[in-house]
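S.K.: Quick one: the structure is below, questions incoming.
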There are 2 protein chains.
Amino acid sequence: MAPNHGLLLYEGKAKRIFDSDKKGQVLVEFKNDTTAFNALKKSSLKGKGILNCQISSHLFELLEAQGVDTHYLGLVSDSWMAAKRVEIIPLEVVVRNIAFGSLCKETPITEGTELSSPLLDLYFKDDSLSDPLLTEARLELLGILSNNQRNEIETLVRKVNLILSTFFEKLDLILVDFKLEIGINAEGRLIVADEISPDTCRIWDARADSSSDRILDKDRFRKDLGGVVEAYAEILKRIQEISPNPRIYK
Amino acid sequence: MAPNHGLLLYEGKAKRIFDSDKKGQVLVEFKNDTTAFNALKKSSLKGKGILNCQISSHLFELLEAQGVDTHYLGLVSDSWMAAKRVEIIPLEVVVRNIAFGSLCKETPITEGTELSSPLLDLYFKDDSLSDPLLTEARLELLGILSNNQRNEIETLVRKVNLILSTFFEKLDLILVDFKLEIGINAEGRLIVADEISPDTCRIWDARADSSSDRILDKDRFRKDLGGVVEAYAEILKRIQEISPNPRIYK
């Protein structure tokens, strides 16, 4: 059920952001809408919004407990969370532990190759340009980040990767790669924003036998493997086994 | 006319490389074949091979005179040159002075924008992957270059850019961007290889009035502007006005 909320501030492909009556805060609604390939492929998957909202809440609380600043404040209802209002940096910050997806189309590295060190890829968040990869020189040219911020982001997301990978390992889950969006708060501090869910992470099941069975993330939708919501639910189930319920924000 | 040559060692889209009877040397034939968009568009343009061979020879001699090592040894006939045998690094090293082409499809920078500092882009030379852009992290991951070699290449190509831009400016020509291929010789030294021609450079005519008239490079072919060979001939004519004939190699 939708909580009381203010005006719609922004509608993305999988979320809506609303104004809140609390200063400096927003309300985030997780939608069932699912898109892939820059929205060329679209669907609505019943239950996905709730699952991603719950999984994200768990993971934001995990990060917070380990000293990582996030925009998350708490759950408001099944598929809504309260979050701090931040200015989003127009980058998709991707960390890869195992080569998969676009990396294997853009380099001769074979799918499934474990990377000796996690690879950081920065993409310019712009649908009209299909989110192009940015080199450090292009990043500098576009003036999106200062050199200091670039290094700060690298340190931050490598820490997030370590926390998430270690946590997932305990659940027999493998964190293949993930995308973060980073916000800047009013004090200029970098903050993990957006969501952390099977829509934005590649997560494999270490208990699975086959390479298609192991996929528990949006690749099930991209590759028409079916069982998308069931896979997301499996991730939440394993998280709930070792993790307390996310807090309710009032 | 083809000189005496050994076996065909390599055939590229615009050149053939043959073995030479001299140790450590090859013979390079410049073809009339012209391709664009990863060879999706093809043609043969009479006279192009000779023009590119002559322009390249002039520019290699210019670089050599300013202390830049190149693979060039001298002209053998109109469309053939002798060159040192080198191992080519599988990179397309692109330097951009003015934003044009793929940069403007992959960033919000408008065509024609003068860049405050020349931009260096490294692409992985692999037709099957459509020559993808490499970040520094991906370059390191692929193990193509050591960090030292990466920095050495940057210094080298920035020097080449300065020499070529200054030279073209004297001819009322604007060097928009260009691609170099770099070889490594038997002693591990980095050497400018391949060709430097209107096939591999964007060159604009500072004397032209309109934005399509000013194009004197392969964009005339890419954009179906016609007059490709005439444009290349105009570049050679201006070079010949201030530059001695390239040496004949025996």
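Every chain in the structure tokens has a letter given in the order shown (A, B, ...), and although residue numbers restart at 1 in each chain, ligands are simply numbered from 1 in the order shown.
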Give me, as CSV, each residue of chain A that comes within 10 Å of chain B, together with its shortest interatomic pair and the distance in Å at one decimal, counting only C-alpha atoms, with rows ordered by chain and rising residue number.

M.R.:
residue,atom,partner,partner_atom,distance
A:Leu103,CA,B:Arg138,CA,9.2
A:Cys104,CA,B:Leu129,CA,9.4
A:Lys105,CA,B:Leu129,CA,6.7
A:Glu106,CA,B:Pro132,CA,5.6
A:Thr107,CA,B:Leu129,CA,7.1
A:Pro108,CA,B:Leu129,CA,7.9
A:Ile109,CA,B:Leu142,CA,8.0
A:Leu115,CA,B:Leu141,CA,8.2
A:Ser116,CA,B:Leu141,CA,8.4
A:Ser117,CA,B:Leu141,CA,8.5
A:Pro118,CA,B:Leu141,CA,9.8
A:Leu119,CA,B:Ala137,CA,6.8
A:Leu120,CA,B:Ala137,CA,7.2
A:Asp121,CA,B:Thr135,CA,7.9
A:Leu122,CA,B:Thr135,CA,9.1
A:Phe124,CA,B:Thr107,CA,7.8
A:Asp126,CA,B:Thr107,CA,8.9
A:Ser128,CA,B:Pro108,CA,9.5
A:Leu129,CA,B:Glu106,CA,6.1
A:Ser130,CA,B:Glu106,CA,8.2
A:Asp131,CA,B:Glu106,CA,8.1
A:Pro132,CA,B:Glu106,CA,5.6
A:Leu133,CA,B:Glu106,CA,7.9
A:Leu134,CA,B:Thr135,CA,7.1
A:Thr135,CA,B:Thr135,CA,4.7
A:Glu136,CA,B:Thr135,CA,7.0
A:Ala137,CA,B:Leu119,CA,6.8
A:Arg138,CA,B:Leu119,CA,7.6
A:Leu139,CA,B:Thr107,CA,9.6
A:Glu140,CA,B:Leu119,CA,10.0
A:Leu141,CA,B:Leu119,CA,8.1
A:Leu142,CA,B:Ile109,CA,8.0

S.K.: Looking only at the backbone, which of the residues in region 22-215 of chain B does DSSP tag as helix (DSSP H, G or I), as a ChimeraX atom specification?

M.R.: /B:48-65,102-106,127-129,136-142,147-170

S.K.: If you measure from CA of Leu145 (chain B) to CA of Asp177 (chain A), what distance in Å do you get, rounded to one decimal?

M.R.: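 Answer for the CA of Leu145 (chain B) to CA of Asp177 (chain A) separation: 25.1 Å.
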
S.K.: Need to verify the contact set: Asn185 (chain A), 12 Å, only C-alpha atoms, exclusion of same-chain residues closer than 2 positions in sequence. Can you return it as a list in words?

M.R.: Gly24, Gln25, Asp69, Thr70, His71, Ala83, Lys84, Arg85, Val86, Glu87, Ile88, Ile89, Ile182, Gly183, Glu187, Gly188, Arg189, Leu190, Ile191, Val192 and Ala193 of chain A

S.K.: Generate the output file for the selected residues, N, CA and C atoms, as a compact mmCIF listing (two decimals), in the first residue's frame.

M.R.:
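Okay, out.txt is ready:
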# COMPACT_ATOMS: atom_id res chain seq x y z
N GLY A 24 14.48 17.17 3.60
CA GLY A 24 15.70 16.45 3.22
C GLY A 24 15.50 14.97 3.00
N GLN A 25 14.23 14.55 2.87
CA GLN A 25 13.97 13.13 2.68
C GLN A 25 13.07 12.89 1.46
N ASP A 69 28.16 4.91 4.40
CA ASP A 69 27.01 5.83 4.32
C ASP A 69 26.11 5.45 3.16
N THR A 70 24.80 5.33 3.43
CA THR A 70 23.84 5.09 2.35
C THR A 70 22.70 6.08 2.49
N HIS A 71 21.87 6.16 1.46
CA HIS A 71 20.73 7.08 1.51
C HIS A 71 19.55 6.49 2.27
N ALA A 83 14.25 7.56 2.23
CA ALA A 83 15.68 7.74 1.95
C ALA A 83 16.04 9.22 2.07
N LYS A 84 17.33 9.44 2.31
CA LYS A 84 17.80 10.84 2.33
C LYS A 84 17.78 11.39 0.90
N ARG A 85 17.49 12.64 0.80
CA ARG A 85 17.52 13.30 -0.50
C ARG A 85 18.98 13.58 -0.86
N VAL A 86 19.42 13.09 -2.00
CA VAL A 86 20.80 13.34 -2.44
C VAL A 86 20.81 13.75 -3.91
N GLU A 87 21.88 14.36 -4.31
CA GLU A 87 22.08 14.65 -5.73
C GLU A 87 22.83 13.45 -6.32
N ILE A 88 22.21 12.80 -7.31
CA ILE A 88 22.82 11.59 -7.88
C ILE A 88 23.91 11.98 -8.90
N ILE A 89 25.09 11.41 -8.75
CA ILE A 89 26.15 11.60 -9.75
C ILE A 89 25.77 10.79 -11.00
N ILE A 182 25.88 6.61 -6.93
CA ILE A 182 26.41 7.34 -5.79
C ILE A 182 25.77 8.72 -5.76
N GLY A 183 25.36 9.11 -4.57
CA GLY A 183 24.80 10.45 -4.40
C GLY A 183 25.76 11.33 -3.61
N GLU A 187 26.26 18.07 2.49
CA GLU A 187 27.60 18.39 3.01
C GLU A 187 28.71 17.98 2.03
N GLY A 188 28.33 17.50 0.83
CA GLY A 188 29.33 17.10 -0.16
C GLY A 188 29.89 15.71 0.07
N ARG A 189 29.25 14.94 0.96
CA ARG A 189 29.70 13.60 1.27
C ARG A 189 29.15 12.60 0.25
N LEU A 190 29.98 11.61 -0.15
CA LEU A 190 29.53 10.57 -1.08
C LEU A 190 28.72 9.52 -0.34
N ILE A 191 27.60 9.12 -0.92
CA ILE A 191 26.64 8.25 -0.25
C ILE A 191 26.13 7.21 -1.24
N VAL A 192 26.09 5.93 -0.83
CA VAL A 192 25.53 4.89 -1.71
C VAL A 192 24.02 5.11 -1.80
N ALA A 193 23.51 5.25 -3.02
CA ALA A 193 22.09 5.56 -3.20
C ALA A 193 21.41 4.48 -4.03

S.K.: Need the shell around Glu169 (chain B): protein/DNA/RNA residues with any atom at most 12 Å away, counting only C-alpha atoms. Skip same-chain ones fewer than 5 positions apart. Format as a list in words?

M.R.: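 Surrounding residues, per the criterion: Asn161, Leu162, Ile163, Leu164, Ile174, Leu175, Val176, Ile203, Trp204, Asp205, Ala206, Arg207, Ile235, Arg238 and Ile239 of chain B.
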
S.K.: If you keep all heavy atoms, can you produce a file of those selected residues as a short mmCIF file (atom, residue, chain, number, x, y, z; two decimals), in the first residue's frame?

M.R.:
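part_8.cif, written as the output of this step:
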data_model
loop_
_atom_site.label_atom_id
_atom_site.label_comp_id
_atom_site.auth_asym_id
_atom_site.auth_seq_id
_atom_site.Cartn_x
_atom_site.Cartn_y
_atom_site.Cartn_z
N ASN B 161 51.39 14.50 -31.98
CA ASN B 161 50.27 15.42 -32.20
C ASN B 161 50.75 16.86 -32.35
O ASN B 161 50.30 17.59 -33.23
CB ASN B 161 49.28 15.32 -31.03
CG ASN B 161 48.05 16.18 -31.23
OD1 ASN B 161 47.52 16.28 -32.34
ND2 ASN B 161 47.60 16.82 -30.16
N LEU B 162 51.69 17.23 -31.50
CA LEU B 162 52.22 18.60 -31.54
C LEU B 162 52.94 18.85 -32.87
O LEU B 162 52.74 19.88 -33.52
CB LEU B 162 53.17 18.78 -30.35
CG LEU B 162 53.46 20.20 -29.94
CD1 LEU B 162 52.18 20.90 -29.47
CD2 LEU B 162 54.50 20.23 -28.80
N ILE B 163 53.75 17.89 -33.28
CA ILE B 163 54.51 18.05 -34.54
C ILE B 163 53.56 18.12 -35.73
O ILE B 163 53.66 19.02 -36.58
CB ILE B 163 55.50 16.86 -34.73
CG1 ILE B 163 56.56 16.87 -33.62
CG2 ILE B 163 56.16 16.92 -36.10
CD1 ILE B 163 57.40 15.59 -33.56
N LEU B 164 52.62 17.18 -35.80
CA LEU B 164 51.71 17.14 -36.95
C LEU B 164 50.79 18.36 -36.98
O LEU B 164 50.58 18.98 -38.03
CB LEU B 164 50.87 15.86 -36.93
CG LEU B 164 51.60 14.52 -37.12
CD1 LEU B 164 50.62 13.36 -37.06
CD2 LEU B 164 52.38 14.49 -38.45
N ILE B 174 43.68 21.73 -40.53
CA ILE B 174 43.41 21.53 -39.09
C ILE B 174 43.42 20.04 -38.80
O ILE B 174 42.65 19.28 -39.40
CB ILE B 174 42.04 22.14 -38.71
CG1 ILE B 174 42.04 23.64 -39.00
CG2 ILE B 174 41.70 21.85 -37.26
CD1 ILE B 174 40.64 24.23 -39.13
N LEU B 175 44.28 19.62 -37.90
CA LEU B 175 44.32 18.21 -37.50
C LEU B 175 43.28 18.01 -36.40
O LEU B 175 43.50 18.35 -35.24
CB LEU B 175 45.72 17.82 -37.01
CG LEU B 175 45.91 16.35 -36.65
CD1 LEU B 175 45.63 15.43 -37.84
CD2 LEU B 175 47.32 16.09 -36.11
N VAL B 176 42.15 17.42 -36.77
CA VAL B 176 41.03 17.22 -35.83
C VAL B 176 41.34 16.07 -34.87
O VAL B 176 41.24 16.21 -33.66
CB VAL B 176 39.73 16.91 -36.61
CG1 VAL B 176 38.58 16.58 -35.69
CG2 VAL B 176 39.39 18.10 -37.51
N ILE B 203 41.24 15.58 -41.12
CA ILE B 203 41.93 16.81 -41.50
C ILE B 203 40.92 17.76 -42.13
O ILE B 203 40.22 17.38 -43.08
CB ILE B 203 43.08 16.50 -42.49
CG1 ILE B 203 44.12 15.59 -41.82
CG2 ILE B 203 43.74 17.79 -42.98
CD1 ILE B 203 45.09 14.95 -42.79
N TRP B 204 40.82 18.96 -41.59
CA TRP B 204 39.88 19.95 -42.12
C TRP B 204 40.64 21.08 -42.81
O TRP B 204 41.75 21.44 -42.41
CB TRP B 204 39.02 20.54 -40.99
CG TRP B 204 38.01 19.59 -40.43
CD1 TRP B 204 37.68 18.34 -40.90
CD2 TRP B 204 37.19 19.80 -39.26
NE1 TRP B 204 36.71 17.77 -40.11
CE2 TRP B 204 36.38 18.64 -39.10
CE3 TRP B 204 37.05 20.85 -38.34
CZ2 TRP B 204 35.46 18.51 -38.05
CZ3 TRP B 204 36.12 20.72 -37.30
CH2 TRP B 204 35.34 19.56 -37.17
N ASP B 205 39.99 21.63 -43.83
CA ASP B 205 40.58 22.72 -44.61
C ASP B 205 40.18 24.05 -43.98
O ASP B 205 39.00 24.42 -43.97
CB ASP B 205 40.04 22.64 -46.05
CG ASP B 205 40.71 23.66 -46.96
OD1 ASP B 205 41.53 24.46 -46.44
OD2 ASP B 205 40.43 23.63 -48.17
N ALA B 206 41.17 24.77 -43.45
CA ALA B 206 40.88 26.05 -42.79
C ALA B 206 40.44 27.11 -43.80
O ALA B 206 39.90 28.15 -43.42
CB ALA B 206 42.13 26.53 -42.03
N ARG B 207 40.67 26.84 -45.09
CA ARG B 207 40.27 27.81 -46.13
C ARG B 207 38.82 27.62 -46.58
O ARG B 207 38.30 28.44 -47.34
CB ARG B 207 41.17 27.65 -47.37
CG ARG B 207 42.63 27.99 -47.11
CD ARG B 207 43.50 27.68 -48.34
NE ARG B 207 44.92 27.67 -48.00
CZ ARG B 207 45.86 27.10 -48.73
NH1 ARG B 207 45.54 26.49 -49.89
NH2 ARG B 207 47.12 27.12 -48.35
N ILE B 235 45.55 17.62 -50.00
CA ILE B 235 46.46 17.55 -48.84
C ILE B 235 47.89 17.34 -49.33
O ILE B 235 48.81 18.05 -48.91
CB ILE B 235 46.04 16.42 -47.87
CG1 ILE B 235 44.69 16.75 -47.22
CG2 ILE B 235 47.11 16.19 -46.81
CD1 ILE B 235 44.12 15.64 -46.36
N ARG B 238 49.40 20.50 -50.90
CA ARG B 238 49.86 21.51 -49.92
C ARG B 238 51.14 21.07 -49.21
O ARG B 238 52.01 21.88 -48.93
CB ARG B 238 48.76 21.79 -48.88
CG ARG B 238 47.54 22.47 -49.51
CD ARG B 238 46.65 23.13 -48.49
NE ARG B 238 45.32 23.35 -49.06
CZ ARG B 238 44.26 23.78 -48.38
NH1 ARG B 238 44.36 24.02 -47.07
NH2 ARG B 238 43.10 23.95 -48.96
N ILE B 239 51.24 19.77 -48.92
CA ILE B 239 52.46 19.27 -48.27
C ILE B 239 53.65 19.49 -49.20
O ILE B 239 54.72 19.96 -48.77
CB ILE B 239 52.32 17.76 -47.91
CG1 ILE B 239 51.28 17.57 -46.78
CG2 ILE B 239 53.66 17.18 -47.49
CD1 ILE B 239 50.99 16.11 -46.44
#

S.K.: Using DSSP assignments from the backbone, pull out every residue in region 94-234 of chain A that falls under strand (DSSP E) and give it to me as a compact mmCIF listing (two decimals) with N, CA, C and O atoms, in the first residue's frame.

M.R.:
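Done, and the output landed in selection25.txt:
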# COMPACT_ATOMS: atom_id res chain seq x y z
N VAL A 94 30.22 0.28 -11.78
CA VAL A 94 30.12 -1.17 -11.83
C VAL A 94 31.39 -1.81 -11.29
O VAL A 94 32.50 -1.40 -11.64
N VAL A 95 31.22 -2.79 -10.40
CA VAL A 95 32.35 -3.56 -9.91
C VAL A 95 32.15 -5.00 -10.35
O VAL A 95 31.06 -5.55 -10.22
N ARG A 96 33.21 -5.59 -10.92
CA ARG A 96 33.10 -6.95 -11.46
C ARG A 96 34.09 -7.87 -10.76
O ARG A 96 35.29 -7.57 -10.72
N ASN A 97 33.58 -8.99 -10.25
CA ASN A 97 34.45 -10.02 -9.67
C ASN A 97 34.69 -11.16 -10.65
O ASN A 97 35.75 -11.77 -10.66
N ILE A 98 33.67 -11.44 -11.45
CA ILE A 98 33.74 -12.50 -12.47
C ILE A 98 33.31 -11.86 -13.79
O ILE A 98 32.35 -11.08 -13.81
N GLU A 114 37.25 -15.68 -13.50
CA GLU A 114 37.41 -14.95 -12.25
C GLU A 114 38.50 -13.90 -12.43
O GLU A 114 39.60 -14.22 -12.89
N LEU A 115 38.22 -12.66 -12.10
CA LEU A 115 39.20 -11.59 -12.30
C LEU A 115 40.18 -11.57 -11.13
O LEU A 115 39.76 -11.69 -9.97
N SER A 116 41.45 -11.43 -11.44
CA SER A 116 42.46 -11.51 -10.38
C SER A 116 42.26 -10.39 -9.36
O SER A 116 42.51 -10.55 -8.18
N SER A 117 41.77 -9.24 -9.83
CA SER A 117 41.42 -8.15 -8.93
C SER A 117 40.09 -7.58 -9.44
O SER A 117 39.88 -7.50 -10.64
N PRO A 118 39.16 -7.20 -8.55
CA PRO A 118 37.87 -6.68 -9.02
C PRO A 118 38.07 -5.50 -9.97
O PRO A 118 38.90 -4.63 -9.71
N LEU A 119 37.32 -5.52 -11.06
CA LEU A 119 37.44 -4.47 -12.08
C LEU A 119 36.38 -3.40 -11.86
O LEU A 119 35.21 -3.71 -11.67
N LEU A 120 36.81 -2.14 -11.88
CA LEU A 120 35.89 -1.02 -11.74
C LEU A 120 35.62 -0.41 -13.12
O LEU A 120 36.55 -0.03 -13.82
N ASP A 121 34.36 -0.34 -13.51
CA ASP A 121 33.96 0.29 -14.78
C ASP A 121 33.01 1.43 -14.47
O ASP A 121 32.01 1.23 -13.76
N LEU A 122 33.27 2.60 -15.00
CA LEU A 122 32.37 3.73 -14.83
C LEU A 122 31.66 4.01 -16.15
O LEU A 122 32.30 4.18 -17.18
N TYR A 123 30.33 4.04 -16.11
CA TYR A 123 29.53 4.33 -17.29
C TYR A 123 28.80 5.65 -17.08
O TYR A 123 28.34 5.94 -15.98
N PHE A 124 28.69 6.41 -18.15
CA PHE A 124 27.96 7.67 -18.10
C PHE A 124 26.46 7.36 -18.16
O PHE A 124 26.00 6.71 -19.10
N LEU A 173 25.91 -17.77 -2.05
CA LEU A 173 25.64 -16.94 -3.22
C LEU A 173 26.95 -16.30 -3.68
O LEU A 173 27.80 -15.96 -2.85
N ILE A 174 27.09 -16.16 -4.99
CA ILE A 174 28.32 -15.59 -5.55
C ILE A 174 27.98 -14.23 -6.15
O ILE A 174 27.12 -14.14 -7.03
N LEU A 175 28.65 -13.19 -5.68
CA LEU A 175 28.42 -11.85 -6.24
C LEU A 175 29.32 -11.70 -7.47
O LEU A 175 30.53 -11.48 -7.36
N VAL A 176 28.73 -11.82 -8.65
CA VAL A 176 29.49 -11.78 -9.92
C VAL A 176 29.90 -10.34 -10.23
O VAL A 176 31.06 -10.05 -10.49
N ASP A 177 28.92 -9.45 -10.21
CA ASP A 177 29.17 -8.02 -10.41
C ASP A 177 27.98 -7.23 -9.89
O ASP A 177 26.94 -7.82 -9.56
N PHE A 178 28.11 -5.94 -9.78
CA PHE A 178 26.98 -5.12 -9.35
C PHE A 178 27.20 -3.67 -9.79
O PHE A 178 28.33 -3.26 -10.06
N LYS A 179 26.07 -2.95 -9.84
CA LYS A 179 26.09 -1.54 -10.19
C LYS A 179 25.66 -0.71 -9.00
O LYS A 179 24.67 -1.04 -8.34
N LEU A 180 26.38 0.34 -8.70
CA LEU A 180 25.95 1.28 -7.67
C LEU A 180 25.71 2.63 -8.30
O LEU A 180 26.33 2.99 -9.30
N ILE A 182 25.88 6.61 -6.93
CA ILE A 182 26.41 7.34 -5.79
C ILE A 182 25.77 8.72 -5.76
O ILE A 182 25.66 9.38 -6.79
N GLY A 183 25.36 9.11 -4.57
CA GLY A 183 24.80 10.45 -4.40
C GLY A 183 25.76 11.33 -3.61
O GLY A 183 26.71 10.85 -2.99
N ILE A 184 25.52 12.61 -3.70
CA ILE A 184 26.27 13.56 -2.87
C ILE A 184 25.24 14.24 -1.97
O ILE A 184 24.21 14.73 -2.46
N LEU A 190 29.98 11.61 -0.15
CA LEU A 190 29.53 10.57 -1.08
C LEU A 190 28.72 9.52 -0.34
O LEU A 190 29.12 9.05 0.72
N ILE A 191 27.60 9.12 -0.92
CA ILE A 191 26.64 8.25 -0.25
C ILE A 191 26.13 7.21 -1.24
O ILE A 191 25.79 7.55 -2.38
N VAL A 192 26.09 5.93 -0.83
CA VAL A 192 25.53 4.89 -1.71
C VAL A 192 24.02 5.11 -1.80
O VAL A 192 23.33 5.14 -0.78
N CYS A 201 22.48 -6.35 -9.42
CA CYS A 201 23.63 -7.23 -9.12
C CYS A 201 23.50 -8.49 -9.97
O CYS A 201 22.39 -8.94 -10.22
N ARG A 202 24.62 -9.08 -10.37
CA ARG A 202 24.58 -10.46 -10.86
C ARG A 202 24.92 -11.35 -9.68
O ARG A 202 25.98 -11.21 -9.07
N ILE A 203 24.00 -12.27 -9.37
CA ILE A 203 24.17 -13.16 -8.21
C ILE A 203 23.96 -14.59 -8.67
O ILE A 203 22.94 -14.91 -9.28
N TRP A 204 24.96 -15.44 -8.41
CA TRP A 204 24.86 -16.85 -8.81
C TRP A 204 24.70 -17.73 -7.57
O TRP A 204 25.22 -17.41 -6.50
N ASP A 205 24.00 -18.82 -7.77
CA ASP A 205 23.75 -19.78 -6.69
C ASP A 205 24.88 -20.81 -6.67
O ASP A 205 25.02 -21.60 -7.59

S.K.: Show which residues sit within 8 Å of Asp78 (chain A), as a PDB file with all heavy atoms, in the first residue's frame. Count only C-alpha atoms, and ignore same-chain residues fewer than 4 positions away.

M.R.:
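Saved result, result.pdb, follows:
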ATOM      1  N   MET A   1       0.837  -1.204   0.000  1.00  0.00           N
ATOM      2  CA  MET A   1       0.000   0.000   0.000  1.00  0.00           C
ATOM      3  C   MET A   1       0.874   1.256   0.000  1.00  0.00           C
ATOM      4  O   MET A   1       1.882   1.312   0.700  1.00  0.00           O
ATOM      5  CB  MET A   1      -0.896   0.016   1.245  1.00  0.00           C
ATOM      6  CG  MET A   1      -2.377   0.201   0.894  1.00  0.00           C
ATOM      7  SD  MET A   1      -3.392   0.354   2.390  1.00  0.00           S
ATOM      8  CE  MET A   1      -2.585   1.679   3.277  1.00  0.00           C
ATOM      9  N   ILE A  50       8.307  -5.553  -4.344  1.00  0.00           N
ATOM     10  CA  ILE A  50       8.432  -5.869  -2.910  1.00  0.00           C
ATOM     11  C   ILE A  50       9.777  -6.552  -2.635  1.00  0.00           C
ATOM     12  O   ILE A  50      10.503  -6.181  -1.713  1.00  0.00           O
ATOM     13  CB  ILE A  50       7.262  -6.772  -2.450  1.00  0.00           C
ATOM     14  CG1 ILE A  50       5.944  -5.980  -2.507  1.00  0.00           C
ATOM     15  CG2 ILE A  50       7.506  -7.327  -1.054  1.00  0.00           C
ATOM     16  CD1 ILE A  50       4.707  -6.804  -2.168  1.00  0.00           C
ATOM     17  N   CYS A  53      12.694  -4.165  -2.870  1.00  0.00           N
ATOM     18  CA  CYS A  53      12.670  -3.215  -1.765  1.00  0.00           C
ATOM     19  C   CYS A  53      13.188  -3.884  -0.489  1.00  0.00           C
ATOM     20  O   CYS A  53      13.990  -3.308   0.254  1.00  0.00           O
ATOM     21  CB  CYS A  53      11.246  -2.690  -1.572  1.00  0.00           C
ATOM     22  SG  CYS A  53      11.125  -1.426  -0.296  1.00  0.00           S
ATOM     23  N   GLN A  54      12.743  -5.114  -0.257  1.00  0.00           N
ATOM     24  CA  GLN A  54      13.174  -5.839   0.946  1.00  0.00           C
ATOM     25  C   GLN A  54      14.670  -6.187   0.886  1.00  0.00           C
ATOM     26  O   GLN A  54      15.410  -5.984   1.844  1.00  0.00           O
ATOM     27  CB  GLN A  54      12.361  -7.134   1.106  1.00  0.00           C
ATOM     28  CG  GLN A  54      10.854  -6.918   1.265  1.00  0.00           C
ATOM     29  CD  GLN A  54      10.498  -6.220   2.579  1.00  0.00           C
ATOM     30  OE1 GLN A  54      11.076  -6.524   3.619  1.00  0.00           O
ATOM     31  NE2 GLN A  54       9.583  -5.263   2.527  1.00  0.00           N
TER      32      GLN A  54
END

S.K.: Just to confirm, what's the straight-line distance from CA of Ala14 (chain B) to CA of Ser79 (chain B) in Å (one decimal)?

M.R.: 11.5 Å

S.K.: Do you know which residues are at most 10 Å from Leu75 (chain A) counting only C-alpha atoms, after dropping those on the same chain fewer than 4 positions away, and could you put them as an mmCIF file with C-alpha atoms, in the first residue's frame?

M.R.:
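Contents of the output file around-v2.cif:
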data_model
loop_
_atom_site.group_PDB
_atom_site.id
_atom_site.type_symbol
_atom_site.label_atom_id
_atom_site.label_comp_id
_atom_site.auth_asym_id
_atom_site.auth_seq_id
_atom_site.Cartn_x
_atom_site.Cartn_y
_atom_site.Cartn_z
ATOM 1 C CA LEU A 27 10.012 8.202 -0.466
ATOM 2 C CA VAL A 28 11.084 5.504 -2.920
ATOM 3 C CA CYS A 53 12.670 -3.215 -1.765
ATOM 4 C CA GLN A 54 13.174 -5.839 0.946
ATOM 5 C CA SER A 56 17.799 -3.513 -0.808
ATOM 6 C CA SER A 57 16.763 -2.643 2.738
ATOM 7 C CA HIS A 58 18.635 -5.643 4.139
ATOM 8 C CA SER A 79 7.620 -1.873 -1.478
ATOM 9 C CA TRP A 80 8.427 1.621 -0.204
ATOM 10 C CA MET A 81 11.437 2.956 1.636
ATOM 11 C CA ALA A 82 12.354 6.328 3.077
ATOM 12 C CA ALA A 83 15.681 7.743 1.953
ATOM 13 C CA ASN A 245 13.979 -7.842 9.484
ATOM 14 C CA PRO A 246 14.722 -4.349 8.156
ATOM 15 C CA ARG A 247 13.615 -1.534 10.428
ATOM 16 C CA ILE A 248 10.349 0.321 9.870
ATOM 17 C CA TYR A 249 10.794 4.055 9.463
ATOM 18 C CA LYS A 250 8.213 6.336 11.009
#

S.K.: What does the distance between CA of Asp21 (chain B) and CA of Glu195 (chain B) come to in Å, to one decimal place?

M.R.: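 Rounded to one decimal, the two atoms are 21.8 Å apart.
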